[in-house]
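One structure is given here, and the rest of the page talks about it.
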Amino acid sequence: MTELVYEQPLNEKIRSYLRLEYLDKQLQSNLSHDHQHRCFYPLFSLCELSERCDYRNEILKDIERHLLQLNKWQELDSADHQQINIYINALTQAREHLQKPERFGSQLKQDRFISALRQRFGMPGACCNFDLPQLHFWLSKPWEEKQQDYRTWIAHFEPLLTPIALLLQLTRSTAHYDNAIAHAGFYQGDSAQALALVRVKVDAAHGCYPTISGHKNRFAIHFVQFEHQRHSDRSIDFLLATCA
């Protein structure tokens, strides 16, 4: 059985966090394996997003909100005090790094190699060695040297990506998966509490995937048959988690 997890953000903030998390996972994958020039695509996407949006204040507000909640939980006898302390220490440290005034990735603008590559990467087929001989030279370096260069470049974004990972982990931990059934391929849910994220876990053997829409108090899930690209008329068993 292959279970796939689909996530749908129900507000713009979580949508942004998930995009940043996705790029972070790609960065880490490129740090672990030599993917040649493909390693630059998530790096440049992250540069563009961090230049376009200032995430710092929103993240700091979220950190303060979670620290307040964690400190309240710490007073409960039934709480896992050790785990709570781990989160409190991690969030406090992340907050300190975020309070530095430097803009994320700003130093990469001064890197002439990165700047030259970034200008070209948006063009189709622009990674040929006659377009970017400096890239051809860099790709010929030993993997250990390239890995160290890449580690240096992505370190500029760690003050942004580290708290994002922590905040999403806390958001996902607010709800467990429950059994659910989509009758005739459709499921609708609502909540008196404002929701941030809907998570759907479904067996790939069903041959369908969910399309999820909604807002903070209501959401709908339609299951679509992959082979025919149309709404499923079968009842689909799946697991559902609604995270606040």
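Letters for chains follow the order of the structure tokens (A, B, ...), residue numbers begin at 1 for each chain, and ligand numbers begin at 1 in the order shown.
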(message) If we count only C-alpha atoms and set the cut-off at 12 Å, which residues sit around region 133-145 of chain A, ignoring sequence neighbours fewer than 3 positions away in its own chain? Please answer as a count of residues only.
(response) 30
(request) Do a neighbour search on region 175-192 of chain A at 6 Å with only C-alpha atoms, toss out local chain neighbours closer than 2 positions, and write the hits as a list in words. (result) Ser173, Asn217, Arg218, Phe219, Ala220, Ile221, His222, Phe223, Ser232, Asp233, Arg234, Ser235, Ile236, Asp237, Phe238, Leu239, Leu240, Ala241, Thr242 and Cys243 of chain A
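In this structure, CA of Arg103 (chain A) sits 27.8 Å away from CA of Leu132 (chain A).
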Sorted per-residue table, region 2-63 of chain A near region 75-98 of chain A, closest atoms and distance, 10 Å, only C-alpha atoms, as a Markdown table:
```
| residue | atom | partner | partner_atom | distance |
| --- | --- | --- | --- | --- |
| A:Tyr55 | CA | A:Leu98 | CA | 9.9 |
| A:Arg56 | CA | A:Leu98 | CA | 6.7 |
| A:Asn57 | CA | A:Leu98 | CA | 9.0 |
| A:Ile59 | CA | A:Leu98 | CA | 8.5 |
| A:Leu60 | CA | A:Arg95 | CA | 6.5 |
| A:Lys61 | CA | A:Arg95 | CA | 9.8 |
| A:Asp62 | CA | A:Leu91 | CA | 9.9 |
| A:Ile63 | CA | A:Leu91 | CA | 6.4 |
```
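CA of Gln107 (chain A) to CA of Leu167 (chain A) spans 25.7 Å [interatomic distance, one decimal].
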What's the 7 Å shell around region 4-20 of chain A, counting only C-alpha atoms, without same-chain residues fewer than 2 positions away, as a short mmCIF file (atom, residue, chain, number, x, y, z; two decimals) with all heavy atoms, in the first residue's frame?
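Below is the file that was written, selection.cif:
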```
data_model
loop_
_atom_site.label_atom_id
_atom_site.label_comp_id
_atom_site.auth_asym_id
_atom_site.auth_seq_id
_atom_site.Cartn_x
_atom_site.Cartn_y
_atom_site.Cartn_z
N THR A 2 0.64 2.13 -0.94
CA THR A 2 1.37 3.40 -1.04
C THR A 2 0.42 4.53 -0.68
O THR A 2 -0.49 4.85 -1.44
CB THR A 2 1.93 3.62 -2.45
OG1 THR A 2 2.80 2.53 -2.78
CG2 THR A 2 2.71 4.92 -2.51
N TYR A 22 8.94 23.63 0.58
CA TYR A 22 9.20 22.83 -0.61
C TYR A 22 10.57 23.16 -1.19
O TYR A 22 11.34 22.25 -1.56
CB TYR A 22 8.10 23.11 -1.63
CG TYR A 22 8.34 22.53 -3.00
CD1 TYR A 22 8.24 21.16 -3.23
CD2 TYR A 22 8.69 23.34 -4.08
CE1 TYR A 22 8.46 20.62 -4.49
CE2 TYR A 22 8.90 22.81 -5.34
CZ TYR A 22 8.80 21.45 -5.54
OH TYR A 22 9.03 20.92 -6.78
N LEU A 23 10.90 24.44 -1.27
CA LEU A 23 12.21 24.83 -1.79
C LEU A 23 13.33 24.38 -0.84
O LEU A 23 14.40 23.96 -1.29
CB LEU A 23 12.26 26.35 -1.97
CG LEU A 23 11.38 26.90 -3.10
CD1 LEU A 23 11.41 28.43 -3.08
CD2 LEU A 23 11.84 26.38 -4.45
N ASP A 24 13.07 24.44 0.45
CA ASP A 24 14.06 23.99 1.43
C ASP A 24 14.38 22.51 1.24
O ASP A 24 15.54 22.08 1.30
CB ASP A 24 13.53 24.24 2.85
CG ASP A 24 14.58 23.95 3.92
OD1 ASP A 24 15.78 23.92 3.59
OD2 ASP A 24 14.19 23.76 5.08
N ILE A 164 10.48 28.42 9.61
CA ILE A 164 9.37 27.93 8.79
C ILE A 164 9.14 26.44 9.06
O ILE A 164 8.01 25.99 9.23
CB ILE A 164 9.67 28.15 7.29
CG1 ILE A 164 9.63 29.63 6.92
CG2 ILE A 164 8.68 27.36 6.42
CD1 ILE A 164 8.28 30.26 6.99
N LEU A 195 -9.24 27.14 10.69
CA LEU A 195 -8.27 26.15 10.25
C LEU A 195 -7.20 26.80 9.38
O LEU A 195 -7.45 27.80 8.71
CB LEU A 195 -8.97 25.04 9.46
CG LEU A 195 -10.03 24.24 10.21
CD1 LEU A 195 -10.69 23.23 9.27
CD2 LEU A 195 -9.44 23.54 11.43
N ALA A 196 -6.01 26.20 9.40
CA ALA A 196 -4.90 26.72 8.60
C ALA A 196 -4.51 25.76 7.48
O ALA A 196 -4.04 26.20 6.43
CB ALA A 196 -3.68 26.98 9.49
N LEU A 197 -4.73 24.46 7.71
CA LEU A 197 -4.21 23.46 6.77
C LEU A 197 -5.09 22.21 6.80
O LEU A 197 -5.47 21.74 7.87
CB LEU A 197 -2.78 23.10 7.17
CG LEU A 197 -1.99 22.11 6.32
CD1 LEU A 197 -1.69 22.72 4.95
CD2 LEU A 197 -0.69 21.72 7.02
N VAL A 198 -5.41 21.70 5.62
CA VAL A 198 -6.11 20.42 5.49
C VAL A 198 -5.12 19.41 4.92
O VAL A 198 -4.44 19.67 3.92
CB VAL A 198 -7.33 20.54 4.55
CG1 VAL A 198 -7.93 19.17 4.27
CG2 VAL A 198 -8.38 21.45 5.17
N ARG A 199 -5.05 18.24 5.56
CA ARG A 199 -4.15 17.17 5.12
C ARG A 199 -4.97 15.93 4.78
O ARG A 199 -5.81 15.51 5.58
CB ARG A 199 -3.12 16.84 6.19
CG ARG A 199 -2.38 18.06 6.74
CD ARG A 199 -1.33 17.64 7.74
NE ARG A 199 -0.15 17.09 7.07
CZ ARG A 199 0.72 16.28 7.66
NH1 ARG A 199 0.53 15.89 8.92
NH2 ARG A 199 1.77 15.83 7.00
N VAL A 200 -4.73 15.37 3.63
CA VAL A 200 -5.44 14.18 3.16
C VAL A 200 -4.42 13.10 2.84
O VAL A 200 -3.47 13.32 2.09
CB VAL A 200 -6.27 14.50 1.89
CG1 VAL A 200 -6.83 13.21 1.29
CG2 VAL A 200 -7.40 15.46 2.23
N LYS A 201 -4.63 11.93 3.45
CA LYS A 201 -3.77 10.78 3.17
C LYS A 201 -4.64 9.71 2.49
O LYS A 201 -5.64 9.27 3.06
CB LYS A 201 -3.15 10.23 4.46
CG LYS A 201 -2.16 9.10 4.25
CD LYS A 201 -1.65 8.55 5.58
CE LYS A 201 -0.79 9.54 6.31
NZ LYS A 201 -0.16 8.94 7.53
N VAL A 202 -4.24 9.31 1.29
CA VAL A 202 -5.07 8.39 0.52
C VAL A 202 -4.19 7.34 -0.15
O VAL A 202 -3.06 7.63 -0.57
CB VAL A 202 -5.92 9.15 -0.53
CG1 VAL A 202 -5.04 9.90 -1.52
CG2 VAL A 202 -6.88 8.23 -1.24
N ASP A 203 -4.69 6.13 -0.22
CA ASP A 203 -3.98 5.03 -0.86
C ASP A 203 -3.94 5.26 -2.38
O ASP A 203 -4.98 5.47 -3.01
CB ASP A 203 -4.68 3.71 -0.53
CG ASP A 203 -3.88 2.49 -0.98
OD1 ASP A 203 -2.87 2.66 -1.70
OD2 ASP A 203 -4.27 1.36 -0.62
N ALA A 204 -2.75 5.20 -2.97
CA ALA A 204 -2.60 5.41 -4.41
C ALA A 204 -3.34 4.35 -5.21
O ALA A 204 -3.65 4.56 -6.39
CB ALA A 204 -1.13 5.43 -4.79
N ILE A 212 -8.64 20.06 -3.34
CA ILE A 212 -9.17 20.60 -2.09
C ILE A 212 -9.35 22.11 -2.23
O ILE A 212 -8.47 22.81 -2.74
CB ILE A 212 -8.22 20.30 -0.91
CG1 ILE A 212 -7.84 18.81 -0.90
CG2 ILE A 212 -8.85 20.70 0.41
CD1 ILE A 212 -6.70 18.47 0.05
N GLY A 214 -11.39 25.69 -0.18
CA GLY A 214 -12.08 26.12 1.03
C GLY A 214 -11.46 27.35 1.65
O GLY A 214 -10.60 28.00 1.08
N HIS A 215 -11.91 27.64 2.87
CA HIS A 215 -11.36 28.75 3.65
C HIS A 215 -11.26 28.28 5.09
O HIS A 215 -11.39 27.08 5.38
CB HIS A 215 -12.23 30.00 3.51
CG HIS A 215 -13.67 29.81 3.86
ND1 HIS A 215 -14.11 29.76 5.16
CD2 HIS A 215 -14.75 29.63 3.07
CE1 HIS A 215 -15.42 29.59 5.17
NE2 HIS A 215 -15.84 29.50 3.91
N LYS A 216 -11.04 29.19 6.01
CA LYS A 216 -10.68 28.81 7.38
C LYS A 216 -11.76 28.03 8.13
O LYS A 216 -11.44 27.32 9.09
CB LYS A 216 -10.30 30.05 8.18
CG LYS A 216 -11.42 31.06 8.32
CD LYS A 216 -10.94 32.29 9.09
CE LYS A 216 -12.06 33.31 9.25
NZ LYS A 216 -11.61 34.50 10.01
#
```
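The spacing separating CA of Thr171 (chain A) from CA of Tyr209 (chain A) amounts to 23.1 Å.
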(request) Select from region 75-200 of chain A everything DSSP, run on the backbone, classes as strand (DSSP E), then give the selection as a list in words. (result) Asp178, Asn179, Ala180, Ile181, Ala182, Phe186, Tyr187, Gln188, Gly189, Asp190, Leu197, Val198, Arg199 and Val200 of chain A
(request) Could you give me the residues within region 10-237 of chain A that DSSP places in helix (DSSP H, G or I), as a PyMOL selection string? (result) chain A and resi 12-32+36-52+56-74+81-98+106-110+112-121+133-139+143-155+158-172+204-206
